[in-house]
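Working notes for the structure below.
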Amino acid sequence: MGKTRIAAVAAGVVLMAGLTACGSDKGDGGGGDAKGGGGSPVQGALAALQKASKATDKQSSTVADGEQKMTVESKPVTMKMRGRFDWSSGGMQGEADIVTNGTPTQARYLSDAMYSKLPQPVQGKQWIKMEYDAMAKQNASGALLKDQLQNNNPARSVQLLLASGKVKSAGTETVRGQKATRYTGTLSLSELVRMQSKDLSESDKKALEQQFKQTGMESEKIDLWIDENDLLVKKREVAEGSESQMENTVYYSDYGTEVEVSAPPASQVLDGSQANSGGTGLS
């Protein structure tokens, strides 16, 4: 299990769970009155998303399943995931079954760390622990991943488009048997970086902007589907560059589902910091 595999699992799960990098406040995005759809089409779309943000944020948990296709170190990676996630305590906790390029694994998320099940035991241990603080100390991407894993929930996908003010309605569609309205917007990746999180340092933001420039990525298109109960039921993100690309689709259902998650037995857990030190079978 290489370092690329570990990073792909961590990044893929957080993205497919809908925990996008969008650390905006719960503002109105300058989008007019949330009680009505009057004014311009943009104002109408923003008003609808204000309602969706509030309705989705009130929910404490959801079932999320989806697929992500991306390139990692010039190699194609396809990930499929289904899991349950809870954000009632403010942070995100949950568990998921993941298949990465045909290889299945499991992941558990707690307030301070994520645990990924190894394809085969290493040093007699079946799980690897990756602490969020340790991720943040490695580089800007790790700092972003920590923020996503600890703070995000599906409502923040809605809040991102609200904060940008760049959104329009794209009509009504059927999503897994439910009538839903699609809202779409395109943001520059520079804007996305600046809206990632108030917790990211200025140096981390600049480093992330530079990483995006190196991949040739310039923008990301975000589509959200909101059902008749003002809940987010589907999200799709697409970003392409000369050196990298990403397409991520997630479905949300069973809001309010019960989520119980705990860390694996300590005797079965390998410290993630050893993954880069050699001699573990992980590098």
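If you're wondering about the labels, chains in the structure tokens are A, B, ... by order shown, residues count from 1 in each chain, ligands from 1 in order shown.
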
**DSSP helix (DSSP H, G or I) residues within region 22-234 of chain A, listed as an NGL selection string** = :A and (41-58 or 132-138 or 140-151 or 155-164 or 189-194 or 202-215)

Just the residues within 9 Å of region 202-215 of chain A, please, counting only C-alpha atoms, with nothing from its chain fewer than 4 positions along; format it as a JSON list (two decimals) with N, CA, C and O atoms, in the first residue's frame.
[["chain", "number", "residue", "atom", "x", "y", "z"],
["A", 139, "ASN", "N", 1.89, 19.78, 4.89],
["A", 139, "ASN", "CA", 1.86, 20.75, 3.80],
["A", 139, "ASN", "C", 0.48, 21.40, 3.72],
["A", 139, "ASN", "O", -0.41, 21.10, 4.53],
["A", 140, "ALA", "N", 0.30, 22.27, 2.73],
["A", 140, "ALA", "CA", -0.96, 23.00, 2.59],
["A", 140, "ALA", "C", -2.12, 22.06, 2.28],
["A", 140, "ALA", "O", -3.24, 22.25, 2.76],
["A", 141, "SER", "N", -1.86, 21.04, 1.47],
["A", 141, "SER", "CA", -2.92, 20.08, 1.15],
["A", 141, "SER", "C", -3.38, 19.35, 2.41],
["A", 141, "SER", "O", -4.57, 19.08, 2.59],
["A", 143, "ALA", "N", -3.29, 20.58, 5.42],
["A", 143, "ALA", "CA", -4.06, 21.54, 6.22],
["A", 143, "ALA", "C", -5.49, 21.63, 5.70],
["A", 143, "ALA", "O", -6.45, 21.69, 6.48],
["A", 144, "LEU", "N", -5.63, 21.62, 4.37],
["A", 144, "LEU", "CA", -6.96, 21.66, 3.77],
["A", 144, "LEU", "C", -7.73, 20.40, 4.10],
["A", 144, "LEU", "O", -8.92, 20.44, 4.44],
["A", 189, "LEU", "N", -10.49, 28.51, -9.49],
["A", 189, "LEU", "CA", -9.86, 27.79, -8.39],
["A", 189, "LEU", "C", -9.17, 28.74, -7.42],
["A", 189, "LEU", "O", -9.03, 28.43, -6.24],
["A", 190, "SER", "N", -8.80, 29.91, -7.90],
["A", 190, "SER", "CA", -8.26, 30.92, -7.00],
["A", 190, "SER", "C", -9.34, 31.35, -6.01],
["A", 190, "SER", "O", -9.07, 31.50, -4.81],
["A", 193, "VAL", "N", -9.86, 28.54, -3.44],
["A", 193, "VAL", "CA", -8.82, 28.51, -2.42],
["A", 193, "VAL", "C", -9.08, 29.58, -1.38],
["A", 193, "VAL", "O", -8.97, 29.34, -0.17],
["A", 194, "ARG", "N", -9.46, 30.77, -1.82],
["A", 194, "ARG", "CA", -9.68, 31.88, -0.90],
["A", 194, "ARG", "C", -10.91, 31.66, -0.02],
["A", 194, "ARG", "O", -11.06, 32.27, 1.03],
["A", 196, "GLN", "N", -11.78, 28.52, 1.02],
["A", 196, "GLN", "CA", -11.65, 27.19, 1.60],
["A", 196, "GLN", "C", -12.04, 27.19, 3.07],
["A", 196, "GLN", "O", -12.90, 26.45, 3.51],
["A", 240, "GLU", "N", -10.83, 20.49, -14.59],
["A", 240, "GLU", "CA", -9.88, 19.90, -15.52],
["A", 240, "GLU", "C", -8.68, 20.81, -15.69],
["A", 240, "GLU", "O", -8.81, 22.04, -15.66],
["A", 241, "GLY", "N", -7.52, 20.20, -15.90],
["A", 241, "GLY", "CA", -6.31, 20.95, -16.15],
["A", 241, "GLY", "C", -5.40, 20.17, -17.06],
["A", 241, "GLY", "O", -5.67, 19.03, -17.43],
["A", 242, "SER", "N", -4.29, 20.78, -17.44],
["A", 242, "SER", "CA", -3.35, 20.12, -18.36],
["A", 242, "SER", "C", -2.68, 18.92, -17.73],
["A", 242, "SER", "O", -2.28, 17.98, -18.43],
["A", 243, "GLU", "N", -2.53, 18.92, -16.40],
["A", 243, "GLU", "CA", -1.85, 17.83, -15.71],
["A", 243, "GLU", "C", -2.74, 17.03, -14.79],
["A", 243, "GLU", "O", -2.32, 16.01, -14.25],
["A", 244, "SER", "N", -3.97, 17.46, -14.58],
["A", 244, "SER", "CA", -4.83, 16.79, -13.63],
["A", 244, "SER", "C", -6.29, 17.06, -13.95],
["A", 244, "SER", "O", -6.62, 18.03, -14.63],
["A", 245, "GLN", "N", -7.15, 16.19, -13.48],
["A", 245, "GLN", "CA", -8.58, 16.38, -13.65],
["A", 245, "GLN", "C", -9.33, 15.65, -12.54],
["A", 245, "GLN", "O", -8.81, 14.73, -11.92]]

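For Lys221 (chain A), the list of residues within 8 Å, based on only C-alpha atoms and with local chain neighbours fewer than 4 positions off taken out, reads Thr184, Gly185, Thr186, Leu187, Glu237, Val238 and Ala239 of chain A.
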
**Request:** Name the residues of region 167-203 of chain A that fall into strand (DSSP E) according to DSSP on the backbone, using the chain letters and numbers of this document, as a ChimeraX atom specification.
**Result:** /A:168-175,178-188

**Asked** With distances taken over only C-alpha atoms, which of A:Arg176, A:Arg236, A:Gly83, A:Gln159 is nearest to Lys51 (chain A)?
**Response** A:Gln159

**Asked** What is the CA of Asn152 (chain A) to CA of Glu220 (chain A) distance in Å?
**Response** 18.5 Å

What's around region 64-81 of chain A at 7 Å? Count only C-alpha atoms, leave out sequence neighbours fewer than 6 positions away in its own chain, and write the answer as a short mmCIF file (atom, residue, chain, number, x, y, z; two decimals) with all heavy atoms, in the first residue's frame.
data_model
loop_
_atom_site.label_atom_id
_atom_site.label_comp_id
_atom_site.auth_asym_id
_atom_site.auth_seq_id
_atom_site.Cartn_x
_atom_site.Cartn_y
_atom_site.Cartn_z
N GLY A 12 -10.26 11.10 -1.44
CA GLY A 12 -11.45 10.66 -2.14
C GLY A 12 -12.67 10.56 -1.26
O GLY A 12 -13.76 10.97 -1.65
N VAL A 13 -12.50 10.04 -0.07
CA VAL A 13 -13.64 9.88 0.81
C VAL A 13 -14.21 11.22 1.22
O VAL A 13 -15.41 11.44 1.20
CB VAL A 13 -13.27 9.07 2.06
CG1 VAL A 13 -14.42 9.05 3.05
CG2 VAL A 13 -12.94 7.64 1.66
N MET A 16 -16.08 12.67 -1.82
CA MET A 16 -17.30 11.98 -2.18
C MET A 16 -18.35 12.08 -1.10
O MET A 16 -19.54 11.96 -1.36
CB MET A 16 -17.00 10.51 -2.50
CG MET A 16 -16.31 10.32 -3.83
SD MET A 16 -16.23 8.61 -4.34
CE MET A 16 -15.09 7.97 -3.16
N ALA A 17 -17.95 12.31 0.10
CA ALA A 17 -18.92 12.52 1.18
C ALA A 17 -19.55 13.89 1.10
O ALA A 17 -20.43 14.21 1.89
CB ALA A 17 -18.24 12.37 2.54
N ALA A 96 -17.29 4.60 6.22
CA ALA A 96 -17.59 4.39 4.82
C ALA A 96 -16.91 3.14 4.29
O ALA A 96 -15.84 2.75 4.76
CB ALA A 96 -17.14 5.60 4.00
N ASP A 97 -17.57 2.51 3.31
CA ASP A 97 -16.97 1.45 2.52
C ASP A 97 -16.50 2.08 1.22
O ASP A 97 -17.25 2.81 0.56
CB ASP A 97 -17.99 0.35 2.23
CG ASP A 97 -18.39 -0.41 3.47
OD1 ASP A 97 -17.50 -0.76 4.27
OD2 ASP A 97 -19.61 -0.64 3.66
N ILE A 98 -15.27 1.79 0.84
CA ILE A 98 -14.65 2.45 -0.32
C ILE A 98 -14.05 1.39 -1.23
O ILE A 98 -13.49 0.39 -0.77
CB ILE A 98 -13.52 3.39 0.13
CG1 ILE A 98 -14.00 4.30 1.25
CG2 ILE A 98 -12.99 4.20 -1.04
CD1 ILE A 98 -12.88 4.70 2.19
N VAL A 99 -14.15 1.61 -2.54
CA VAL A 99 -13.48 0.77 -3.53
C VAL A 99 -12.64 1.69 -4.40
O VAL A 99 -13.18 2.57 -5.08
CB VAL A 99 -14.48 -0.02 -4.38
CG1 VAL A 99 -13.72 -0.85 -5.42
CG2 VAL A 99 -15.34 -0.93 -3.51
N THR A 100 -11.33 1.52 -4.36
CA THR A 100 -10.41 2.36 -5.13
C THR A 100 -9.73 1.52 -6.20
O THR A 100 -9.00 0.58 -5.88
CB THR A 100 -9.34 2.98 -4.21
OG1 THR A 100 -9.98 3.69 -3.15
CG2 THR A 100 -8.45 3.93 -4.99
N ASN A 101 -10.03 1.82 -7.46
CA ASN A 101 -9.49 1.03 -8.58
C ASN A 101 -9.70 -0.46 -8.34
O ASN A 101 -8.81 -1.28 -8.59
CB ASN A 101 -8.02 1.34 -8.79
CG ASN A 101 -7.80 2.69 -9.46
OD1 ASN A 101 -8.74 3.33 -9.90
ND2 ASN A 101 -6.55 3.13 -9.52
N SER A 244 -3.97 17.46 -14.58
CA SER A 244 -4.83 16.79 -13.63
C SER A 244 -6.29 17.06 -13.95
O SER A 244 -6.62 18.03 -14.63
CB SER A 244 -4.52 17.27 -12.20
OG SER A 244 -5.29 16.57 -11.26
N GLN A 245 -7.15 16.19 -13.48
CA GLN A 245 -8.58 16.38 -13.65
C GLN A 245 -9.33 15.65 -12.54
O GLN A 245 -8.81 14.73 -11.92
CB GLN A 245 -9.05 15.88 -15.01
CG GLN A 245 -8.84 14.39 -15.25
CD GLN A 245 -9.25 13.96 -16.65
OE1 GLN A 245 -9.56 14.78 -17.50
NE2 GLN A 245 -9.28 12.67 -16.88
N MET A 246 -10.56 16.12 -12.29
CA MET A 246 -11.37 15.52 -11.24
C MET A 246 -12.84 15.64 -11.59
O MET A 246 -13.30 16.69 -12.03
CB MET A 246 -11.10 16.21 -9.90
CG MET A 246 -11.86 15.64 -8.70
SD MET A 246 -13.53 16.31 -8.48
CE MET A 246 -13.17 18.00 -8.01
N GLU A 247 -13.56 14.55 -11.43
CA GLU A 247 -15.02 14.56 -11.58
C GLU A 247 -15.60 13.80 -10.39
O GLU A 247 -15.24 12.65 -10.14
CB GLU A 247 -15.46 13.90 -12.88
CG GLU A 247 -16.98 13.90 -13.05
CD GLU A 247 -17.42 13.30 -14.37
OE1 GLU A 247 -16.56 13.09 -15.25
OE2 GLU A 247 -18.63 13.03 -14.52
N ASN A 248 -16.46 14.44 -9.65
CA ASN A 248 -16.95 13.90 -8.40
C ASN A 248 -18.47 14.04 -8.34
O ASN A 248 -19.00 15.15 -8.49
CB ASN A 248 -16.29 14.68 -7.24
CG ASN A 248 -16.84 14.26 -5.89
OD1 ASN A 248 -16.97 13.08 -5.62
ND2 ASN A 248 -17.15 15.24 -5.05
N THR A 249 -19.18 12.93 -8.14
CA THR A 249 -20.64 12.95 -8.03
C THR A 249 -21.05 12.24 -6.75
O THR A 249 -20.59 11.14 -6.47
CB THR A 249 -21.30 12.25 -9.23
OG1 THR A 249 -20.88 12.88 -10.44
CG2 THR A 249 -22.83 12.32 -9.12
N VAL A 250 -21.91 12.90 -5.96
CA VAL A 250 -22.35 12.34 -4.69
C VAL A 250 -23.87 12.46 -4.58
O VAL A 250 -24.45 13.48 -4.96
CB VAL A 250 -21.72 13.09 -3.49
CG1 VAL A 250 -22.07 12.38 -2.18
CG2 VAL A 250 -20.23 13.20 -3.65
N TYR A 251 -24.49 11.41 -4.04
CA TYR A 251 -25.93 11.42 -3.75
C TYR A 251 -26.12 11.38 -2.24
O TYR A 251 -25.40 10.68 -1.53
CB TYR A 251 -26.61 10.21 -4.38
CG TYR A 251 -26.58 10.19 -5.89
CD1 TYR A 251 -25.50 9.64 -6.59
CD2 TYR A 251 -27.63 10.72 -6.63
CE1 TYR A 251 -25.46 9.63 -7.97
CE2 TYR A 251 -27.60 10.71 -8.02
CZ TYR A 251 -26.53 10.17 -8.68
OH TYR A 251 -26.49 10.16 -10.05
N TYR A 252 -27.13 12.12 -1.77
CA TYR A 252 -27.44 12.17 -0.34
C TYR A 252 -28.85 11.67 -0.10
O TYR A 252 -29.78 12.02 -0.85
CB TYR A 252 -27.30 13.60 0.19
CG TYR A 252 -25.96 14.21 -0.07
CD1 TYR A 252 -25.72 14.97 -1.21
CD2 TYR A 252 -24.91 14.03 0.83
CE1 TYR A 252 -24.48 15.52 -1.46
CE2 TYR A 252 -23.66 14.57 0.59
CZ TYR A 252 -23.45 15.32 -0.56
OH TYR A 252 -22.21 15.86 -0.81
N SER A 253 -29.03 10.87 0.95
CA SER A 253 -30.35 10.34 1.28
C SER A 253 -30.41 10.04 2.77
O SER A 253 -29.41 10.14 3.49
CB SER A 253 -30.61 9.05 0.48
OG SER A 253 -29.66 8.04 0.82
#

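Straight-line separation from CA of Pro41 (chain A) to CA of Pro154 (chain A): 24.0 Å.
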
**Request:** Select, from A:Ser61, A:Gln43, A:Thr105, A:Ser169, the residue with the minimum atom-to-atom distance to Thr181 (chain A), counting only C-alpha atoms.
**Result:** A:Ser169

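Between CA of Gly94 (chain A) and CA of Gln123 (chain A) there is a distance of 26.2 Å.
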